[in-house]
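Undergrad: Sending over run_9.cif (mmCIF, C-alpha atoms and all ligand atoms).
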data_entry
loop_
_atom_site.label_atom_id
_atom_site.label_comp_id
_atom_site.auth_asym_id
_atom_site.auth_seq_id
_atom_site.Cartn_x
_atom_site.Cartn_y
_atom_site.Cartn_z
CA MET A 1 110.21 81.37 83.26
CA VAL A 2 112.97 83.91 83.30
CA ASP A 3 111.67 87.47 83.65
CA LYS A 4 113.12 90.62 82.07
CA GLN A 5 115.41 91.54 84.96
CA GLN A 6 116.68 87.95 85.29
CA HIS A 7 117.33 88.05 81.53
CA GLN A 8 119.52 91.10 82.06
CA ILE A 9 121.42 89.39 84.86
CA LEU A 10 121.91 86.22 82.81
CA ASP A 11 123.01 88.40 79.90
CA ALA A 12 125.53 90.12 82.14
CA MET A 13 126.75 86.69 83.21
CA GLY A 14 127.28 85.83 79.55
CA ILE A 15 124.48 83.25 79.49
CA GLN A 16 122.15 83.09 76.54
CA VAL A 17 118.59 82.24 77.46
CA TRP A 18 116.32 80.35 75.08
CA GLU A 19 112.57 80.54 75.57
CA LEU A 20 109.90 78.39 73.90
CA ARG A 21 107.44 80.49 71.88
CA HIS A 22 104.50 78.66 73.53
CA SER A 23 106.04 77.89 76.85
CA ILE A 24 104.89 74.66 78.45
CA ILE A 25 107.83 74.30 80.79
CA SER A 26 107.60 74.43 84.56
CA PRO A 27 109.63 76.99 86.55
CA ILE A 28 112.22 74.37 87.47
CA GLU A 29 112.77 73.32 83.87
CA GLN A 30 114.45 76.54 82.89
CA PRO A 31 116.39 76.74 79.65
CA GLY A 32 119.70 74.97 79.93
CA CYS A 33 118.62 72.94 82.95
CA ILE A 34 119.63 69.30 83.34
CA ASP A 35 117.07 66.51 83.54
CA THR A 36 117.46 64.89 86.97
CA SER A 37 116.14 61.58 85.68
CA ASP A 38 119.46 61.41 83.84
CA PRO A 39 121.40 58.28 84.93
CA GLU A 40 124.40 60.56 85.57
CA VAL A 41 122.53 61.93 88.60
CA GLU A 42 123.73 59.74 91.41
CA ALA A 43 124.18 59.71 95.16
CA LYS A 44 127.22 59.11 97.29
CA VAL A 45 126.93 58.33 100.99
CA GLU A 46 129.45 59.05 103.68
CA VAL A 47 128.99 58.95 107.43
CA ARG A 48 130.20 61.85 109.58
CA ALA A 49 129.05 62.78 113.07
CA THR A 50 128.95 66.11 114.89
CA PRO A 51 130.97 65.89 118.15
CA PRO A 52 128.55 65.65 121.12
CA ALA A 53 129.66 68.99 122.62
CA ILE A 54 128.75 70.80 119.40
CA ALA A 55 125.73 68.66 118.49
CA LYS A 56 123.71 70.17 121.34
CA LEU A 57 124.46 73.83 120.60
CA ASP A 58 121.68 76.14 119.43
CA TRP A 59 122.35 78.97 116.96
CA GLN A 60 123.41 81.47 119.59
CA ASP A 61 125.74 79.10 121.42
CA LEU A 62 127.17 77.80 118.17
CA GLN A 63 127.92 81.32 116.98
CA GLN A 64 129.54 82.18 120.31
CA THR A 65 131.60 78.98 120.24
CA VAL A 66 132.82 79.78 116.74
CA ALA A 67 133.59 83.39 117.72
CA GLY A 68 135.79 82.15 120.56
CA CYS A 69 137.37 79.25 118.70
CA GLN A 70 141.14 78.91 119.08
CA ALA A 71 141.40 75.34 117.81
CA CYS A 72 143.87 76.25 115.08
CA GLU A 73 146.43 78.92 114.35
CA LEU A 74 144.05 80.95 112.19
CA HIS A 75 142.61 82.53 115.33
CA SER A 76 145.80 84.51 115.82
CA THR A 77 145.64 86.19 112.39
CA ARG A 78 141.89 86.73 111.95
CA THR A 79 140.15 90.04 112.53
CA GLN A 80 137.01 88.13 113.43
CA THR A 81 135.30 84.85 112.64
CA VAL A 82 132.90 84.69 109.70
CA PHE A 83 130.08 82.48 110.87
CA GLY A 84 127.54 82.54 108.05
CA VAL A 85 124.58 84.62 106.96
CA GLY A 86 121.03 84.25 105.74
CA ASP A 87 117.79 82.48 106.52
CA GLN A 88 118.37 79.90 109.25
CA GLY A 89 115.52 77.84 107.81
CA ALA A 90 116.59 78.18 104.17
CA ASP A 91 116.04 75.52 101.53
CA TRP A 92 119.36 76.48 99.91
CA LEU A 93 122.77 76.35 101.55
CA PHE A 94 125.76 77.71 99.62
CA VAL A 95 129.18 76.76 100.95
CA GLY A 96 132.40 78.48 99.92
CA GLU A 97 136.01 77.95 100.91
CA ALA A 98 137.02 80.50 103.53
CA PRO A 99 136.67 84.21 104.22
CA GLY A 100 138.79 86.58 102.17
CA ALA A 101 140.13 89.96 103.27
CA GLU A 102 136.82 91.78 102.90
CA GLU A 103 134.89 89.03 104.67
CA ASP A 104 137.42 88.99 107.52
CA ARG A 105 136.97 92.76 107.85
CA ARG A 106 133.17 92.71 107.74
CA GLY A 107 132.42 89.39 109.42
CA GLU A 108 130.13 88.20 106.62
CA PRO A 109 130.77 85.61 103.88
CA PHE A 110 130.85 86.56 100.20
CA VAL A 111 130.73 90.35 100.49
CA GLY A 112 133.53 91.13 98.03
CA ARG A 113 133.46 90.96 94.22
CA ALA A 114 132.85 87.21 94.26
CA GLY A 115 129.93 87.86 96.58
CA GLN A 116 128.42 90.33 94.13
CA LEU A 117 128.52 87.68 91.43
CA LEU A 118 126.99 85.14 93.83
CA ASN A 119 124.18 87.64 94.51
CA ALA A 120 123.60 87.97 90.75
CA MET A 121 123.50 84.19 90.37
CA LEU A 122 120.95 84.00 93.19
CA PHE A 123 118.90 86.71 91.55
CA ALA A 124 118.88 84.73 88.31
CA LEU A 125 117.38 81.87 90.32
CA ASN A 126 114.75 84.23 91.66
CA LEU A 127 116.34 84.14 95.09
CA LYS A 128 117.48 86.95 97.35
CA ARG A 129 120.59 86.63 99.49
CA GLU A 130 118.38 86.79 102.61
CA GLN A 131 116.38 83.76 101.43
CA VAL A 132 119.35 81.37 101.34
CA TYR A 133 122.09 80.54 103.83
CA ILE A 134 125.71 81.24 102.94
CA ALA A 135 128.65 79.79 104.84
CA ASN A 136 132.22 78.66 104.35
CA VAL A 137 134.15 75.50 105.15
CA LEU A 138 136.51 77.63 107.25
CA LYS A 139 135.24 80.32 109.59
CA CYS A 140 138.56 82.18 109.70
CA ARG A 141 140.61 83.76 106.94
CA PRO A 142 143.81 81.95 106.00
CA PRO A 143 146.57 84.58 105.86
CA ALA A 144 147.26 85.95 102.38
CA ASN A 145 144.34 83.79 101.13
CA ARG A 146 146.50 80.69 101.14
CA ASP A 147 144.83 77.30 100.72
CA PRO A 148 143.27 76.01 103.95
CA ALA A 149 145.32 73.30 105.66
CA GLY A 150 143.89 69.84 106.38
CA LYS A 151 144.05 70.38 110.17
CA GLU A 152 142.17 73.68 109.85
CA VAL A 153 139.39 71.98 107.90
CA GLN A 154 139.26 69.16 110.44
CA HIS A 155 138.84 71.61 113.35
CA CYS A 156 136.21 73.68 111.55
CA GLU A 157 134.14 70.86 110.07
CA PRO A 158 131.93 70.25 113.14
CA TYR A 159 130.72 73.86 112.99
CA LEU A 160 129.47 73.47 109.44
CA LEU A 161 127.94 70.09 110.25
CA ARG A 162 126.02 71.68 113.13
CA GLN A 163 124.93 74.55 110.88
CA VAL A 164 123.57 71.99 108.44
CA GLU A 165 121.75 70.16 111.23
CA LEU A 166 120.17 73.40 112.41
CA ILE A 167 119.25 74.73 108.96
CA GLN A 168 118.20 71.40 107.48
CA PRO A 169 118.59 72.76 103.95
CA ARG A 170 116.99 70.86 101.12
CA ILE A 171 119.88 71.45 98.75
CA ILE A 172 123.56 72.28 99.27
CA VAL A 173 125.69 73.95 96.62
CA ALA A 174 129.45 73.59 97.08
CA LEU A 175 131.19 76.56 95.49
CA GLY A 176 134.56 75.66 94.05
CA ARG A 177 137.01 72.79 94.13
CA PHE A 178 138.06 73.26 97.72
CA ALA A 179 134.53 73.32 99.19
CA ALA A 180 133.48 70.41 97.00
CA GLN A 181 136.45 68.25 97.96
CA SER A 182 136.10 69.08 101.65
CA LEU A 183 132.36 68.46 101.81
CA LEU A 184 132.55 65.27 99.79
CA LYS A 185 135.83 64.05 101.28
CA THR A 186 137.33 63.37 97.91
CA THR A 187 140.31 64.44 95.85
CA ASP A 188 138.39 64.16 92.58
CA PRO A 189 138.78 67.22 90.35
CA ILE A 190 135.84 69.58 90.02
CA SER A 191 135.33 68.43 86.42
CA ARG A 192 134.37 64.99 87.76
CA LEU A 193 132.22 66.32 90.58
CA ARG A 194 130.03 68.74 88.62
CA GLY A 195 126.91 67.76 86.72
CA ARG A 196 125.49 65.20 89.12
CA SER A 197 123.89 64.93 92.51
CA HIS A 198 125.95 63.91 95.54
CA GLN A 199 124.88 63.57 99.14
CA TYR A 200 126.33 65.59 102.01
CA ALA A 201 127.83 63.29 104.65
CA ASP A 202 125.05 60.85 105.62
CA THR A 203 122.40 63.55 105.85
CA GLY A 204 120.47 62.55 102.74
CA ILE A 205 120.69 66.19 101.60
CA PRO A 206 121.53 66.45 97.90
CA LEU A 207 124.68 68.38 97.12
CA VAL A 208 125.61 69.93 93.80
CA VAL A 209 129.11 71.13 92.92
CA SER A 210 129.68 74.33 90.99
CA TYR A 211 132.47 76.76 90.27
CA HIS A 212 133.59 79.33 92.80
CA PRO A 213 132.35 82.83 91.87
CA ALA A 214 135.94 84.15 92.17
CA TYR A 215 136.97 81.60 89.52
CA LEU A 216 134.04 82.68 87.34
CA LEU A 217 135.24 86.28 87.53
CA ARG A 218 138.53 85.09 86.05
CA SER A 219 136.96 82.60 83.63
CA PRO A 220 133.60 84.02 82.53
CA ILE A 221 133.40 81.38 79.79
CA ASP A 222 132.42 78.87 82.50
CA LYS A 223 129.44 80.90 83.70
CA LYS A 224 127.21 78.85 81.41
CA LYS A 225 128.30 75.69 83.17
CA ALA A 226 127.71 77.33 86.54
CA TRP A 227 124.21 78.23 85.45
CA ALA A 228 123.61 74.60 84.44
CA ASP A 229 124.80 73.55 87.92
CA LEU A 230 122.34 75.91 89.57
CA CYS A 231 119.57 74.60 87.35
CA LEU A 232 120.46 71.06 88.38
CA ALA A 233 120.27 72.11 92.04
CA GLN A 234 116.94 73.80 91.43
CA SER A 235 115.48 70.78 89.68
CA LEU A 236 116.65 68.48 92.49
CA LEU A 237 114.96 70.78 94.96
CA GLY A 238 111.81 70.84 92.81
CA ALA A 239 111.81 67.04 92.64
CA LEU A 240 111.72 66.92 96.46
CA SER A 241 108.57 69.03 96.69
N1 LIG B 301 135.51 83.19 98.95
C1 LIG B 301 134.95 82.23 99.73
O1 LIG B 301 135.12 81.04 99.48
N2 LIG B 301 134.20 82.63 100.74
C2 LIG B 301 133.96 83.90 101.03
O2 LIG B 301 133.24 84.17 101.98
C3 LIG B 301 134.54 84.87 100.19
C4 LIG B 301 135.32 84.49 99.16
#
Could you write out this file's structure as structure tokens?
TA:
Amino acid sequence: MVDKQQHQILDAMGIQVWELRHSIISPIEQPGCIDTSDPEVEAKVEVRATPPAIAKLDWQDLQQTVAGCQACELHSTRTQTVFGVGDQGADWLFVGEAPGAEEDRRGEPFVGRAGQLLNAMLFALNLKREQVYIANVLKCRPPANRDPAGKEVQHCEPYLLRQVELIQPRIIVALGRFAAQSLLKTTDPISRLRGRSHQYADTGIPLVVSYHPAYLLRSPIDKKKAWADLCLAQSLLGALS
């Protein structure tokens, strides 16, 4: 059920919520949610391995390694690395593209306007920011927010893989085209990646693709679709319980 405050948030997001008069639906079957028994829900498997030197790092060592990383040119323009934030044992992992100016300044992902919308989306799911884990494909800001380069993604990928191994999330949400394509190693457009369940690398962890909050700020009309994506993720998580 969606409570009064969540209603207000969903309202602010431009999402109309329908409630049954005599509600018989479970918390995961929220209005607008997608049925995961739908044949469209499918898995895709791809094998990727964490390099041995990184595979043995614990949280502290991993964070230190990332902080000192000079594997690509981004180290020379960053203020600091942006490792990730949240519950290290979270069920939910949200992955964005790369830090922006505000994130580079503060050392935390999704703290700008897009981050505020992400927080609202979490709230609508009955989740606090501290209950999930939030990270990016890249740990350093590309100058002038340019698109990340293939080499930069390649160098950074082991860090995210290790984060996933340590967190062992039960669901991953890729935020935006870039994160989705990087995590799924595909060039498919976001329109083909949304609305179904994928699998992250060969981890068996379900991955759902949604829009980037920064895109939703520019195109609020798609917030409804983003809400449907989050409902899909929630129902996949519920189905695992
Ligand atoms: N956009 C992203 O993809 N990540 C952030 O951390 C901030 C904005």
Undergrad: Return the single residue from A:Thr81, A:Gln131, A:Thr50, A:Thr203 that is closest to ligand LIG 301 (chain B), with distances computed using all atoms listed in the file.
TA: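 Smallest separation from ligand LIG 301 (chain B) among the options: A:Thr81.
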Undergrad: Write as an NGL selection string the residues around ligand LIG 301 (chain B), taking 12 Å as the cut-off and counting only C-alpha atoms and all ligand atoms.
TA: :A and (81-85 or 94-118 or 133-142 or 145-148 or 174-180 or 211-217)
Undergrad: Next, the residues of the selection above should be written as a PDB file, keeping the file's coordinate frame with C-alpha atoms.
TA:
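Here's the written file selection32.pdb:
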ATOM      1  CA  THR A  81     135.300  84.850 112.640  1.00  0.00           C
ATOM      2  CA  VAL A  82     132.900  84.690 109.700  1.00  0.00           C
ATOM      3  CA  PHE A  83     130.080  82.480 110.870  1.00  0.00           C
ATOM      4  CA  GLY A  84     127.540  82.540 108.050  1.00  0.00           C
ATOM      5  CA  VAL A  85     124.580  84.620 106.960  1.00  0.00           C
ATOM      6  CA  PHE A  94     125.760  77.710  99.620  1.00  0.00           C
ATOM      7  CA  VAL A  95     129.180  76.760 100.950  1.00  0.00           C
ATOM      8  CA  GLY A  96     132.400  78.480  99.920  1.00  0.00           C
ATOM      9  CA  GLU A  97     136.010  77.950 100.910  1.00  0.00           C
ATOM     10  CA  ALA A  98     137.020  80.500 103.530  1.00  0.00           C
ATOM     11  CA  PRO A  99     136.670  84.210 104.220  1.00  0.00           C
ATOM     12  CA  GLY A 100     138.790  86.580 102.170  1.00  0.00           C
ATOM     13  CA  ALA A 101     140.130  89.960 103.270  1.00  0.00           C
ATOM     14  CA  GLU A 102     136.820  91.780 102.900  1.00  0.00           C
ATOM     15  CA  GLU A 103     134.890  89.030 104.670  1.00  0.00           C
ATOM     16  CA  ASP A 104     137.420  88.990 107.520  1.00  0.00           C
ATOM     17  CA  ARG A 105     136.970  92.760 107.850  1.00  0.00           C
ATOM     18  CA  ARG A 106     133.170  92.710 107.740  1.00  0.00           C
ATOM     19  CA  GLY A 107     132.420  89.390 109.420  1.00  0.00           C
ATOM     20  CA  GLU A 108     130.130  88.200 106.620  1.00  0.00           C
ATOM     21  CA  PRO A 109     130.770  85.610 103.880  1.00  0.00           C
ATOM     22  CA  PHE A 110     130.850  86.560 100.200  1.00  0.00           C
ATOM     23  CA  VAL A 111     130.730  90.350 100.490  1.00  0.00           C
ATOM     24  CA  GLY A 112     133.530  91.130  98.030  1.00  0.00           C
ATOM     25  CA  ARG A 113     133.460  90.960  94.220  1.00  0.00           C
ATOM     26  CA  ALA A 114     132.850  87.210  94.260  1.00  0.00           C
ATOM     27  CA  GLY A 115     129.930  87.860  96.580  1.00  0.00           C
ATOM     28  CA  GLN A 116     128.420  90.330  94.130  1.00  0.00           C
ATOM     29  CA  LEU A 117     128.520  87.680  91.430  1.00  0.00           C
ATOM     30  CA  LEU A 118     126.990  85.140  93.830  1.00  0.00           C
ATOM     31  CA  TYR A 133     122.090  80.540 103.830  1.00  0.00           C
ATOM     32  CA  ILE A 134     125.710  81.240 102.940  1.00  0.00           C
ATOM     33  CA  ALA A 135     128.650  79.790 104.840  1.00  0.00           C
ATOM     34  CA  ASN A 136     132.220  78.660 104.350  1.00  0.00           C
ATOM     35  CA  VAL A 137     134.150  75.500 105.150  1.00  0.00           C
ATOM     36  CA  LEU A 138     136.510  77.630 107.250  1.00  0.00           C
ATOM     37  CA  LYS A 139     135.240  80.320 109.590  1.00  0.00           C
ATOM     38  CA  CYS A 140     138.560  82.180 109.700  1.00  0.00           C
ATOM     39  CA  ARG A 141     140.610  83.760 106.940  1.00  0.00           C
ATOM     40  CA  PRO A 142     143.810  81.950 106.000  1.00  0.00           C
ATOM     41  CA  ASN A 145     144.340  83.790 101.130  1.00  0.00           C
ATOM     42  CA  ARG A 146     146.500  80.690 101.140  1.00  0.00           C
ATOM     43  CA  ASP A 147     144.830  77.300 100.720  1.00  0.00           C
ATOM     44  CA  PRO A 148     143.270  76.010 103.950  1.00  0.00           C
ATOM     45  CA  ALA A 174     129.450  73.590  97.080  1.00  0.00           C
ATOM     46  CA  LEU A 175     131.190  76.560  95.490  1.00  0.00           C
ATOM     47  CA  GLY A 176     134.560  75.660  94.050  1.00  0.00           C
ATOM     48  CA  ARG A 177     137.010  72.790  94.130  1.00  0.00           C
ATOM     49  CA  PHE A 178     138.060  73.260  97.720  1.00  0.00           C
ATOM     50  CA  ALA A 179     134.530  73.320  99.190  1.00  0.00           C
ATOM     51  CA  ALA A 180     133.480  70.410  97.000  1.00  0.00           C
ATOM     52  CA  TYR A 211     132.470  76.760  90.270  1.00  0.00           C
ATOM     53  CA  HIS A 212     133.590  79.330  92.800  1.00  0.00           C
ATOM     54  CA  PRO A 213     132.350  82.830  91.870  1.00  0.00           C
ATOM     55  CA  ALA A 214     135.940  84.150  92.170  1.00  0.00           C
ATOM     56  CA  TYR A 215     136.970  81.600  89.520  1.00  0.00           C
ATOM     57  CA  LEU A 216     134.040  82.680  87.340  1.00  0.00           C
ATOM     58  CA  LEU A 217     135.240  86.280  87.530  1.00  0.00           C
TER      59      LEU A 217
END
Undergrad: So, counting only C-alpha atoms, which residue among A:Leu230, A:Val66, A:Val208, A:Val173 is closest to Phe123 in chain A?
TA: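 Result for the nearest residue to Phe123 in chain A: A:Leu230.
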Undergrad: By how many Å are CA of Ile172 in chain A and CA of Arg194 in chain A apart?
TA: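 So the answer is 13.0 Å.
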Undergrad: Which of these residues is nearest to Ser76 in chain A, using all atoms listed in the file: A:Gln181, A:Pro143, A:Leu236, A:Ser191?
TA: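 Of A:Gln181, A:Pro143, A:Leu236, A:Ser191, the one nearest Ser76 in chain A is A:Pro143, counting all atoms listed in the file.
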Undergrad: Taking all atoms listed in the file into account, which of A:Asp202, A:Glu73, A:Asp87, A:Asp229 comes nearest Glu152 in chain A?
TA: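 Closest to Glu152 in chain A of all the choices is A:Glu73.
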Undergrad: Between A:Trp59, A:Val132, A:Met121, A:His155, which is the closest to Cys72 in chain A once you count only C-alpha atoms?
TA: A:His155
